[in-house]
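Asker: Please find protein05.txt (compact mmCIF, C-alpha atoms) on the next line:
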# COMPACT_ATOMS: atom_id res chain seq x y z
CA MET A 1 102.81 -10.32 73.76
CA SER A 2 100.26 -9.36 71.19
CA THR A 3 97.71 -10.97 68.90
CA HIS A 4 97.77 -10.50 65.14
CA THR A 5 95.47 -11.55 62.32
CA LEU A 6 96.48 -12.72 58.85
CA ASP A 7 93.80 -12.94 56.17
CA VAL A 8 94.67 -15.43 53.43
CA LYS A 9 91.11 -16.24 52.40
CA GLY A 10 90.89 -17.27 48.76
CA GLN A 11 94.57 -18.24 48.60
CA LEU A 12 95.56 -21.81 47.90
CA CYS A 13 98.40 -23.67 49.57
CA PRO A 14 101.26 -23.16 49.75
CA ILE A 15 100.52 -19.41 49.66
CA PRO A 16 98.81 -19.45 53.11
CA VAL A 17 101.87 -21.22 54.54
CA ILE A 18 104.27 -18.78 52.90
CA ARG A 19 102.29 -15.77 54.16
CA THR A 20 102.11 -17.30 57.66
CA GLN A 21 105.85 -17.94 57.61
CA ASN A 22 106.64 -14.40 56.47
CA GLN A 23 104.32 -12.86 59.06
CA ALA A 24 105.72 -15.06 61.84
CA LYS A 25 109.23 -13.75 61.14
CA LYS A 26 108.04 -10.28 62.13
CA LEU A 27 106.56 -11.40 65.44
CA ALA A 28 108.09 -12.02 68.86
CA PRO A 29 108.10 -15.30 70.81
CA GLY A 30 104.79 -15.67 72.63
CA ASP A 31 102.86 -13.53 70.15
CA LYS A 32 99.71 -15.08 68.78
CA LEU A 33 98.79 -15.20 65.11
CA GLU A 34 95.27 -15.91 63.92
CA VAL A 35 95.25 -17.10 60.30
CA LEU A 36 91.97 -16.85 58.37
CA CYS A 37 91.88 -19.14 55.35
CA THR A 38 89.58 -21.02 53.01
CA ASP A 39 91.82 -23.72 51.50
CA PRO A 40 91.26 -27.01 53.36
CA GLY A 41 94.90 -27.86 52.61
CA ALA A 42 95.88 -25.28 55.24
CA ILE A 43 94.38 -27.48 57.97
CA ASN A 44 97.31 -29.87 57.49
CA ASP A 45 99.96 -27.58 56.05
CA ILE A 46 100.02 -24.76 58.61
CA PRO A 47 100.24 -27.12 61.63
CA ALA A 48 102.96 -29.13 59.82
CA TRP A 49 104.87 -25.93 59.18
CA CYS A 50 104.43 -24.96 62.87
CA ARG A 51 105.71 -28.33 64.11
CA ILE A 52 108.93 -28.21 62.09
CA ASN A 53 109.62 -24.59 62.87
CA GLY A 54 108.96 -24.63 66.61
CA HIS A 55 105.62 -22.83 66.77
CA THR A 56 102.50 -24.10 68.56
CA VAL A 57 99.01 -24.45 67.12
CA LEU A 58 96.58 -23.32 69.83
CA SER A 59 93.41 -24.05 67.87
CA SER A 60 92.11 -24.91 64.44
CA GLU A 61 88.45 -24.34 63.73
CA THR A 62 86.37 -24.76 60.61
CA SER A 63 83.04 -22.98 60.21
CA GLU A 64 79.91 -25.12 59.91
CA ASP A 65 79.60 -24.51 56.19
CA GLY A 66 83.28 -25.40 55.76
CA ASN A 67 84.04 -22.10 54.07
CA LEU A 68 86.23 -20.51 56.75
CA ILE A 69 89.14 -21.99 58.64
CA VAL A 70 90.73 -20.16 61.56
CA ILE A 71 94.08 -21.44 62.80
CA THR A 72 95.57 -19.75 65.85
CA LEU A 73 99.23 -20.26 66.62
CA GLU A 74 101.74 -19.08 69.16
CA ILE A 75 105.16 -18.02 67.95
CA GLY A 76 107.98 -20.10 69.37
CA SER A 77 111.39 -18.90 70.42
CA MET B 1 135.04 -26.67 69.84
CA SER B 2 134.66 -27.01 66.07
CA ARG B 3 132.05 -24.99 64.25
CA GLN B 4 128.85 -26.77 63.25
CA ILE B 5 128.81 -27.12 59.47
CA LYS B 6 125.42 -26.31 57.92
CA ALA B 7 123.89 -27.28 54.60
CA ALA B 8 120.83 -25.94 52.81
CA ALA B 9 118.91 -28.64 50.93
CA LEU B 10 116.59 -28.12 47.99
CA ILE B 11 113.49 -30.04 49.03
CA SER B 12 110.94 -30.96 46.40
CA GLY B 13 108.98 -33.40 48.53
CA GLY B 14 110.17 -36.41 46.56
CA LEU B 15 112.30 -39.33 47.63
CA ASP B 16 115.64 -38.18 46.20
CA SER B 17 115.92 -34.96 48.16
CA MET B 18 114.74 -36.85 51.26
CA LEU B 19 117.54 -39.38 50.84
CA ALA B 20 120.14 -36.73 50.05
CA VAL B 21 119.37 -34.93 53.30
CA ARG B 22 119.56 -38.08 55.40
CA VAL B 23 122.91 -39.05 53.81
CA ILE B 24 124.33 -35.68 54.86
CA GLN B 25 122.69 -35.67 58.28
CA GLU B 26 124.41 -38.99 58.95
CA GLN B 27 127.73 -37.18 58.62
CA GLY B 28 126.84 -34.78 61.43
CA ILE B 29 125.85 -31.84 59.23
CA HIS B 30 123.02 -29.53 60.31
CA VAL B 31 120.57 -29.36 57.40
CA GLU B 32 117.66 -27.03 56.73
CA GLY B 33 115.39 -27.29 53.69
CA ILE B 34 114.40 -24.76 51.09
CA ASN B 35 111.38 -25.18 48.85
CA PHE B 36 110.78 -22.71 46.05
CA PHE B 37 107.25 -21.89 44.92
CA THR B 38 107.23 -20.85 41.27
CA GLY B 39 103.47 -20.87 40.78
CA PHE B 40 103.75 -23.90 38.50
CA CYS B 41 104.33 -26.44 41.25
CA VAL B 42 101.82 -29.28 41.10
CA GLU B 43 102.08 -29.65 44.87
CA GLY B 44 99.13 -28.30 46.77
CA HIS B 45 97.02 -26.17 44.51
CA THR B 46 95.02 -28.30 42.17
CA HIS B 47 93.96 -30.87 44.65
CA ALA B 48 92.56 -28.02 46.67
CA ILE B 49 90.55 -26.82 43.70
CA ARG B 50 88.84 -29.93 42.40
CA ARG B 51 86.17 -31.37 44.63
CA GLN B 52 86.70 -34.87 43.23
CA ASP B 53 90.28 -34.68 44.49
CA GLN B 54 89.34 -33.64 48.00
CA LYS B 55 89.33 -37.21 49.25
CA LYS B 56 92.99 -37.50 48.33
CA GLN B 57 95.53 -36.82 51.03
CA LYS B 58 96.19 -33.11 51.02
CA ARG B 59 99.59 -33.08 52.67
CA ASN B 60 102.28 -30.86 51.26
CA ASN B 61 105.06 -33.33 50.57
CA ALA B 62 107.88 -30.86 51.11
CA LEU B 63 106.59 -30.07 54.60
CA TRP B 64 105.98 -33.73 55.26
CA VAL B 65 109.51 -34.70 54.19
CA ALA B 66 110.99 -31.97 56.38
CA GLU B 67 109.04 -33.27 59.35
CA GLN B 68 110.21 -36.85 58.75
CA LEU B 69 113.79 -35.64 58.57
CA GLY B 70 113.46 -33.36 61.59
CA ILE B 71 114.60 -30.29 59.69
CA LYS B 72 113.24 -26.78 59.27
CA LEU B 73 111.75 -25.93 55.89
CA HIS B 74 111.77 -22.47 54.37
CA ILE B 75 109.20 -22.03 51.59
CA ILE B 76 110.17 -19.17 49.34
CA ASP B 77 107.86 -17.40 46.91
CA VAL B 78 109.77 -16.86 43.65
CA ILE B 79 106.72 -16.29 41.42
CA GLU B 80 107.88 -12.90 40.14
CA GLU B 81 111.55 -13.74 39.67
CA TYR B 82 110.67 -17.02 37.98
CA LYS B 83 108.99 -15.22 35.08
CA ASP B 84 112.33 -14.42 33.51
CA VAL B 85 113.39 -18.08 33.78
CA LEU B 86 110.28 -19.21 31.93
CA ILE B 87 110.11 -16.42 29.39
CA ASN B 88 113.80 -16.29 28.47
CA PRO B 89 115.41 -19.67 29.17
CA LYS B 90 119.07 -19.54 28.14
CA HIS B 91 119.09 -23.28 27.54
CA GLY B 92 115.63 -23.53 25.99
CA TYR B 93 112.67 -25.72 26.81
CA GLY B 94 112.27 -29.46 27.21
CA ALA B 95 109.52 -31.49 25.58
CA ASN B 96 106.95 -28.88 26.63
CA LEU B 97 107.44 -25.46 28.23
CA ASN B 98 109.69 -26.85 30.94
CA PRO B 99 112.91 -24.85 31.18
CA CYS B 100 114.46 -27.51 33.44
CA LEU B 101 118.11 -26.58 33.13
CA ASP B 102 117.52 -22.87 33.68
CA CYS B 103 115.04 -23.68 36.44
CA LYS B 104 117.52 -25.81 38.36
CA THR B 105 120.25 -23.20 37.87
CA PHE B 106 117.92 -20.49 39.16
CA MET B 107 116.97 -22.51 42.22
CA VAL B 108 120.57 -23.30 43.10
CA GLN B 109 121.46 -19.64 42.62
CA LYS B 110 118.64 -18.60 44.96
CA ALA B 111 119.74 -21.25 47.44
CA LEU B 112 123.28 -19.87 47.27
CA GLU B 113 121.97 -16.39 48.14
CA TRP B 114 120.04 -17.93 51.02
CA THR B 115 123.11 -19.73 52.38
CA ARG B 116 125.06 -16.48 52.35
CA GLU B 117 122.29 -14.55 54.10
CA ASN B 118 121.85 -17.26 56.73
CA ASP B 119 125.47 -18.26 57.29
CA PHE B 120 125.20 -21.77 55.84
CA ASP B 121 128.19 -23.52 54.27
CA PHE B 122 127.00 -25.41 51.21
CA ILE B 123 124.01 -26.63 49.19
CA ILE B 124 122.72 -30.14 48.58
CA THR B 125 120.22 -31.47 46.07
CA GLY B 126 118.78 -34.91 45.36
CA GLU B 127 119.93 -34.87 41.73
CA VAL B 128 121.14 -38.09 40.14
CA VAL B 129 123.32 -38.24 37.03
CA GLY B 130 121.33 -39.45 34.03
CA GLN B 131 117.96 -39.39 35.73
CA ARG B 132 116.36 -36.55 33.80
CA PRO B 133 116.89 -35.81 30.12
CA MET B 134 117.66 -32.11 30.49
CA SER B 135 118.90 -30.96 33.88
CA GLN B 136 120.31 -34.21 35.30
CA ARG B 137 122.87 -35.33 32.76
CA LYS B 138 126.58 -35.76 33.29
CA ASP B 139 127.26 -32.83 30.96
CA THR B 140 124.55 -30.50 32.30
CA MET B 141 124.96 -30.98 36.05
CA PRO B 142 128.28 -29.07 35.99
CA VAL B 143 126.50 -26.33 34.00
CA VAL B 144 124.06 -25.86 36.89
CA ALA B 145 126.97 -25.63 39.34
CA ARG B 146 128.81 -23.13 37.13
CA ASP B 147 125.93 -20.90 35.97
CA SER B 148 124.36 -20.67 39.42
CA GLY B 149 127.63 -19.42 40.86
CA ALA B 150 127.61 -22.20 43.46
CA GLY B 151 130.51 -24.09 41.86
CA GLY B 152 132.08 -26.46 44.38
CA LEU B 153 129.55 -25.50 47.05
CA LEU B 154 126.92 -27.61 45.30
CA LEU B 155 126.96 -31.23 46.47
CA ARG B 156 124.76 -34.01 45.09
CA PRO B 157 125.07 -36.71 47.75
CA LEU B 158 123.34 -39.44 45.72
CA SER B 159 125.62 -39.04 42.71
CA ALA B 160 128.72 -37.43 44.23
CA GLN B 161 131.03 -40.32 43.39
CA ASN B 162 130.27 -39.80 39.70
CA LEU B 163 131.19 -36.13 39.87
CA PRO B 164 134.32 -34.13 40.74
CA ALA B 165 134.97 -33.63 44.46
CA THR B 166 133.20 -30.58 45.87
CA ILE B 167 134.39 -28.12 48.50
CA PRO B 168 132.64 -29.93 51.41
CA GLU B 169 134.57 -33.07 50.44
CA GLN B 170 137.88 -31.25 49.87
CA GLU B 171 137.56 -29.42 53.18
CA GLY B 172 136.86 -32.64 55.03
CA TRP B 173 133.40 -31.58 56.17
CA ILE B 174 132.04 -34.62 54.34
CA GLU B 175 133.58 -38.05 53.71
CA ARG B 176 133.30 -38.75 50.00
CA GLU B 177 133.33 -42.52 50.49
CA ARG B 178 130.12 -42.25 52.51
CA LEU B 179 128.37 -40.57 49.59
CA HIS B 180 126.83 -42.46 46.66
CA GLY B 181 127.41 -43.09 42.97
CA PHE B 182 123.87 -43.51 41.68
CA SER B 183 123.27 -42.93 38.00
CA GLY B 184 120.59 -43.55 35.41
CA ARG B 185 116.84 -43.75 35.49
CA SER B 186 116.51 -46.87 37.62
CA ARG B 187 114.93 -46.17 40.97
CA LYS B 188 116.23 -49.36 42.57
CA PRO B 189 119.25 -47.80 44.34
CA GLN B 190 117.01 -45.11 45.83
CA MET B 191 114.43 -47.69 46.93
CA ALA B 192 117.17 -49.75 48.58
CA LEU B 193 118.59 -46.72 50.37
CA ALA B 194 115.10 -45.72 51.49
CA GLU B 195 114.67 -49.17 52.99
CA GLN B 196 118.05 -48.91 54.69
CA PHE B 197 116.98 -45.60 56.27
CA GLY B 198 113.59 -47.01 57.24
CA PHE B 199 111.63 -44.71 54.92
CA THR B 200 108.51 -46.66 54.10
CA ASP B 201 106.24 -43.78 53.12
CA TYR B 202 107.35 -41.28 50.51
CA ALA B 203 105.89 -39.48 47.51
CA GLN B 204 105.99 -41.72 44.48
CA PRO B 205 108.61 -40.60 41.99
CA ALA B 206 106.67 -39.36 39.00
CA GLY B 207 109.03 -36.83 37.48
CA GLY B 208 106.18 -34.38 37.18
CA CYS B 209 106.35 -31.85 39.97
CA CYS B 210 105.79 -28.96 37.58
CA PHE B 211 102.84 -28.07 35.34
CA LEU B 212 105.26 -26.89 32.67
CA THR B 213 106.17 -30.51 31.90
CA ASP B 214 102.49 -31.15 31.08
CA GLU B 215 101.61 -30.98 27.37
CA SER B 216 98.04 -29.85 27.88
CA TYR B 217 99.04 -27.09 30.31
CA SER B 218 101.83 -25.92 28.00
CA LYS B 219 99.43 -25.65 25.05
CA LYS B 220 97.16 -23.42 27.10
CA LEU B 221 100.08 -21.19 28.10
CA VAL B 222 101.27 -20.96 24.48
CA ASP B 223 97.73 -19.97 23.46
CA LEU B 224 97.65 -17.27 26.15
CA TRP B 225 100.98 -15.83 25.01
CA ARG B 226 99.99 -15.97 21.33
CA VAL B 227 96.73 -14.10 21.85
CA ARG B 228 98.38 -11.46 24.02
CA GLY B 229 101.24 -11.03 21.60
CA ASN B 230 103.86 -11.39 24.33
CA LYS B 231 105.03 -13.84 26.95
CA GLU B 232 103.95 -11.87 30.00
CA TYR B 233 101.74 -13.53 32.60
CA GLU B 234 100.37 -12.95 36.07
CA PHE B 235 99.88 -15.41 38.89
CA ASP B 236 96.11 -15.48 38.26
CA ASP B 237 96.79 -16.57 34.67
CA VAL B 238 98.91 -19.44 35.94
CA MET B 239 96.13 -20.50 38.29
CA LEU B 240 93.33 -20.28 35.75
CA LEU B 241 95.25 -22.44 33.28
CA LYS B 242 95.04 -25.21 35.88
CA VAL B 243 91.24 -25.30 36.03
CA GLY B 244 88.39 -26.07 33.68
CA ARG B 245 88.06 -26.85 30.01
CA HIS B 246 89.65 -24.13 27.89
CA LEU B 247 87.87 -23.45 24.62
CA ARG B 248 88.63 -20.89 21.93
CA PRO B 249 85.54 -20.77 19.71
CA ARG B 250 86.67 -17.53 18.08
CA PRO B 251 90.20 -16.12 17.78
CA HIS B 252 89.38 -13.10 19.96
CA PHE B 253 87.92 -14.82 23.00
CA LYS B 254 88.36 -17.87 25.17
CA LEU B 255 85.95 -19.62 27.52
CA ILE B 256 86.93 -21.47 30.69
CA VAL B 257 84.25 -24.01 31.56
CA GLY B 258 84.22 -25.34 35.15
CA ARG B 259 84.27 -29.14 35.20
CA GLU B 260 82.76 -29.68 38.61
CA GLU B 261 81.62 -27.93 41.76
CA GLY B 262 85.08 -27.34 43.22
CA GLU B 263 86.30 -25.66 40.05
CA ASN B 264 83.13 -23.59 39.74
CA ARG B 265 83.63 -22.36 43.29
CA PHE B 266 87.26 -21.51 42.64
CA MET B 267 86.36 -19.65 39.44
CA GLU B 268 83.79 -17.58 41.32
CA GLY B 269 86.77 -15.69 42.72
CA TYR B 270 87.31 -14.27 39.22
CA LYS B 271 83.80 -12.91 38.65
CA LYS B 272 84.96 -9.34 39.11
CA ARG B 273 87.72 -9.73 36.56
CA PHE B 274 85.99 -11.59 33.73
CA PRO B 275 82.46 -11.62 32.28
CA TYR B 276 80.83 -14.93 33.03
CA PHE B 277 77.92 -17.16 32.05
CA TYR B 278 75.80 -19.59 33.96
CA CYS B 279 72.60 -21.47 33.28
CA LYS B 280 69.65 -20.48 35.46
CA SER B 281 67.05 -23.00 34.28
CA HIS B 282 69.25 -26.11 34.67
CA PRO B 283 72.32 -27.02 36.76
CA GLY B 284 75.53 -26.38 34.89
CA PRO B 285 79.02 -24.92 34.95
CA LEU B 286 80.31 -21.46 35.59
CA VAL B 287 81.92 -20.22 32.39
CA LEU B 288 84.43 -17.36 32.38
CA ALA B 289 85.06 -15.42 29.19
CA ASP B 290 88.45 -13.90 28.39
CA GLY B 291 88.31 -11.43 25.51
CA GLU B 292 86.01 -8.82 23.99
CA LEU B 293 82.59 -10.30 23.19
CA ASP B 294 80.06 -8.85 20.75
CA GLN B 295 76.39 -9.83 20.68
CA ASP B 296 76.99 -12.87 18.43
CA ASP B 297 79.77 -14.04 20.76
CA ILE B 298 77.48 -13.70 23.78
CA GLU B 299 74.89 -15.81 21.99
CA LEU B 300 77.48 -18.46 21.10
CA ALA B 301 78.98 -18.47 24.62
CA GLY B 302 75.49 -18.94 26.06
CA ARG B 303 74.86 -21.92 23.79
CA ILE B 304 78.23 -23.43 24.80
CA THR B 305 77.41 -22.86 28.48
CA ALA B 306 74.12 -24.70 27.93
CA ARG B 307 75.91 -27.54 26.15
CA PHE B 308 77.98 -28.32 29.25
CA GLY B 309 74.99 -28.23 31.63
CA LYS B 310 72.23 -30.63 32.53
CA GLY B 311 69.96 -28.92 30.02
CA ARG B 312 72.12 -29.94 27.06
CA ASN B 313 69.25 -32.00 25.57
CA ALA B 314 66.51 -29.45 26.27
CA PRO B 315 65.20 -27.44 23.33
CA GLU B 316 66.13 -24.24 25.09
CA VAL B 317 67.57 -23.05 28.41
CA VAL B 318 67.91 -19.74 30.22
CA VAL B 319 71.49 -18.51 30.46
CA HIS B 320 72.67 -15.44 32.37
CA TYR B 321 75.47 -13.24 31.12
CA VAL B 322 77.11 -11.21 33.90
CA THR B 323 79.66 -8.45 33.37
CA PRO B 324 82.42 -7.71 35.91
CA ASP B 325 80.45 -4.73 37.26
CA GLY B 326 77.60 -7.12 38.17
CA ASN B 327 75.22 -6.23 35.35
CA GLU B 328 73.25 -9.42 34.69
CA THR B 329 71.34 -10.25 31.50
CA PRO B 330 69.18 -13.38 31.15
CA TYR B 331 68.48 -14.77 27.70
CA THR B 332 67.17 -17.95 26.15
CA VAL B 333 69.33 -20.14 23.91
CA ALA B 334 69.29 -23.55 22.28
CA PRO B 335 72.18 -25.66 23.62
CA LEU B 336 74.89 -26.12 21.02
CA GLY B 337 74.62 -29.52 19.33
CA SER B 338 77.59 -31.84 19.02
CA ASP B 339 77.61 -31.34 15.24
CA GLU B 340 78.04 -27.61 15.85
CA PHE B 341 80.95 -28.03 18.25
CA PRO B 342 84.32 -28.56 16.52
CA GLN B 343 86.83 -30.41 18.67
CA ASP B 344 89.56 -27.97 17.68
CA TRP B 345 87.90 -25.38 19.88
CA TYR B 346 89.59 -27.19 22.76
CA ILE B 347 92.93 -25.59 23.54
As a first step, turn the structure in this file into structure tokens.
Answerer:
Amino acid sequence: MSTHTLDVKGQLCPIPVIRTQNQAKKLAPGDKLEVLCTDPGAINDIPAWCRINGHTVLSSETSEDGNLIVITLEIGS
Amino acid sequence: MSRQIKAAALISGGLDSMLAVRVIQEQGIHVEGINFFTGFCVEGHTHAIRRQDQKKQKRNNALWVAEQLGIKLHIIDVIEEYKDVLINPKHGYGANLNPCLDCKTFMVQKALEWTRENDFDFIITGEVVGQRPMSQRKDTMPVVARDSGAGGLLLRPLSAQNLPATIPEQEGWIERERLHGFSGRSRKPQMALAEQFGFTDYAQPAGGCCFLTDESYSKKLVDLWRVRGNKEYEFDDVMLLKVGRHLRPRPHFKLIVGREEGENRFMEGYKKRFPYFYCKSHPGPLVLADGELDQDDIELAGRITARFGKGRNAPEVVVHYVTPDGNETPYTVAPLGSDEFPQDWYI
């Protein structure tokens, strides 16, 4: 199991979701993916995408100034 | 044991595709959703850009619908491939630059490819005969089936009884009598079916899921193509047409004036691609310039920048002109008066 980072800062939804989806396809169950984004829409969209596709959101954190969002997920089987 | 039949559904996030999926799920079919992102989808983007829209719910309706239905959703980026649909539509445009018939055909064709790659059996959409003036007419819906190559593998569960039987019906995967015969622009049958299924929350049907149906957006795209002398475009062009006031004070350059803080912040991402203006002495917008500017143009752009800022009534303000390499020049201008600002500068 390994941890990967995806940088989608500056991209607006649904691009962060699409990039997360495409990256997740390359990973193995149990791998972790840390998604760095700036679009507040990702706070809802990436977890929604995870729920319907069987992945788990481990954490979702927004920086104090609101300019960086880090969503960490675990790839499901 | 019989094989599980599987359908791929085109999911827009609206009520019709939501109902179509549930109708098919009720017949024991495994359904997964596909949502195509062309770059022109209204969903998502713009409410992320404008600060005044940030209080609005930011859910992606396609994802939300998929979750309500308990199906997987595959969001597919078709930005590059879609260019040919928009630039060369075989069936032309609708009221604006919306190539609806070619667009629907393209999406069904892509869905057909997806079903083949993923071992699915047929395609469903939420289309209703007579609901849309271009792509959802009794005479054009068969064109979509034919030109996409899907033929009888394309099933429209809400209108199936108004259309010839499809392969899923002929093969007995689906019972035709449990499908529907909706037609026309009335939403009442859909509302009633939604109530029957217990759907109380769904995106309001507006018929405008695409910027290309918007007159103002289409004018800006036509202007971009005219000035460039061809119909090429990049994703950044598509995005920038969604933000700000677009002004063309001279034929050879355009200004994009941020309307509020969210747009200004979004436009900051383009500072290394375009020269820009901002007012230092008073609060005001970020203004991007697209085109070659001479000294007179820089003066005029500075006065326009001042006009849209808080210093619009001051005798003079300090504007900064910044080139993409970061070279910054401050200068003093008188804000442009309303009598000096022709309304036809607005694109």
Asker: As a list in words, could you give me every residue of chain A near chain B (at most 6 Å apart, counting all atoms listed in the file)?
Answerer: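 Within 6 Å of chain B on chain A, we get Leu12, Cys13, Gly41, Ile52 and Asn53 of chain A.
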Asker: Would you work out the distance separating atom CA of B:Tyr346 from atom CA of B:Asp296, expressed in Å to one decimal?
Answerer: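 Computing it gives 19.6 Å between the two atoms.
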Asker: Counting all atoms listed in the file, which residue out of A:Ile15, A:Leu73, A:Leu68, A:Ala48 sits closest to A:Leu27?
Answerer: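 Looking only at the distances to A:Leu27, the closest residue turns out to be A:Leu73.
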Asker: So which residues touch A:Val35 within 7 Å, counting only C-alpha atoms, skipping near sequence neighbours fewer than 4 positions away, as an MDAnalysis selection string?
Answerer: chainID A and resid 5:7 70:72
Asker: May I ask for the distance between atom CA of B:Arg187 and atom CA of B:Asp121, given in Å to one decimal place?
Answerer: 29.4 Å
Asker: Which residue is closest to B:Lys220? Choose from B:Arg273, B:Leu255, B:Glu195, B:Val42 and count all atoms listed in the file.
Answerer: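 Ranked by minimum distance to B:Lys220, first place goes to B:Leu255.
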Asker: So what do you get for atom CA of B:Arg259 versus atom CA of B:Gly244, distance-wise?
Answerer: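 According to the coordinates, atom CA of B:Arg259 and atom CA of B:Gly244 are separated by 5.4 Å.
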Asker: Near A:Cys50, counting all atoms listed in the file, which residues have an atom at most 10 Å away, once you skip same-chain residues fewer than 4 positions from it, shown as a list in words?
Answerer: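 The contact residues come out as Val17, Thr20, Gln21, Asp45, Ile46, Gly54, His55, Thr56, Val57, Leu73, Glu74, Ile75 and Gly76 of chain A; Leu63 and Lys72 of chain B.
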Asker: Of the candidates B:Val333, B:Leu10, B:Leu293, B:Leu154, which shows the shortest atom-to-atom distance to B:Pro251, using all atoms listed in the file?
Answerer: B:Leu293
Asker: Taking 4 positions as the minimum chain separation for residues in the same chain, which residues sit within 8 Å of B:Val21 when counting only C-alpha atoms? Answer as a list in words.
Answerer: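 Contacts, in chain order: Ala9, Ser17, Gln25, Val31, Leu69, Ile124 and Gly126 of chain B.
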Asker: For B:Arg176, please output as JSON, numbers by chain all residues within 8 Å (counting all atoms listed in the file; exclusion window: fewer than 4 positions along the same chain).
Answerer: {"B": [160, 161, 165, 169]}
Asker: Residues at most 12 Å from B:Pro189, counting only C-alpha atoms, excluding those fewer than 4 positions away in the same chain, as a PyMOL selection string?
Answerer: chain B and resi 15-16+19+128+158-159+180-185+193-196
Asker: Could you take the residues named above and write them with C-alpha atoms, as a PDB file, in the frame of the given file?
Answerer:
ATOM      1  CA  LEU B  15     112.300 -39.330  47.630  1.00  0.00           C
ATOM      2  CA  ASP B  16     115.640 -38.180  46.200  1.00  0.00           C
ATOM      3  CA  LEU B  19     117.540 -39.380  50.840  1.00  0.00           C
ATOM      4  CA  VAL B 128     121.140 -38.090  40.140  1.00  0.00           C
ATOM      5  CA  LEU B 158     123.340 -39.440  45.720  1.00  0.00           C
ATOM      6  CA  SER B 159     125.620 -39.040  42.710  1.00  0.00           C
ATOM      7  CA  HIS B 180     126.830 -42.460  46.660  1.00  0.00           C
ATOM      8  CA  GLY B 181     127.410 -43.090  42.970  1.00  0.00           C
ATOM      9  CA  PHE B 182     123.870 -43.510  41.680  1.00  0.00           C
ATOM     10  CA  SER B 183     123.270 -42.930  38.000  1.00  0.00           C
ATOM     11  CA  GLY B 184     120.590 -43.550  35.410  1.00  0.00           C
ATOM     12  CA  ARG B 185     116.840 -43.750  35.490  1.00  0.00           C
ATOM     13  CA  LEU B 193     118.590 -46.720  50.370  1.00  0.00           C
ATOM     14  CA  ALA B 194     115.100 -45.720  51.490  1.00  0.00           C
ATOM     15  CA  GLU B 195     114.670 -49.170  52.990  1.00  0.00           C
ATOM     16  CA  GLN B 196     118.050 -48.910  54.690  1.00  0.00           C
TER      17      GLN B 196
END
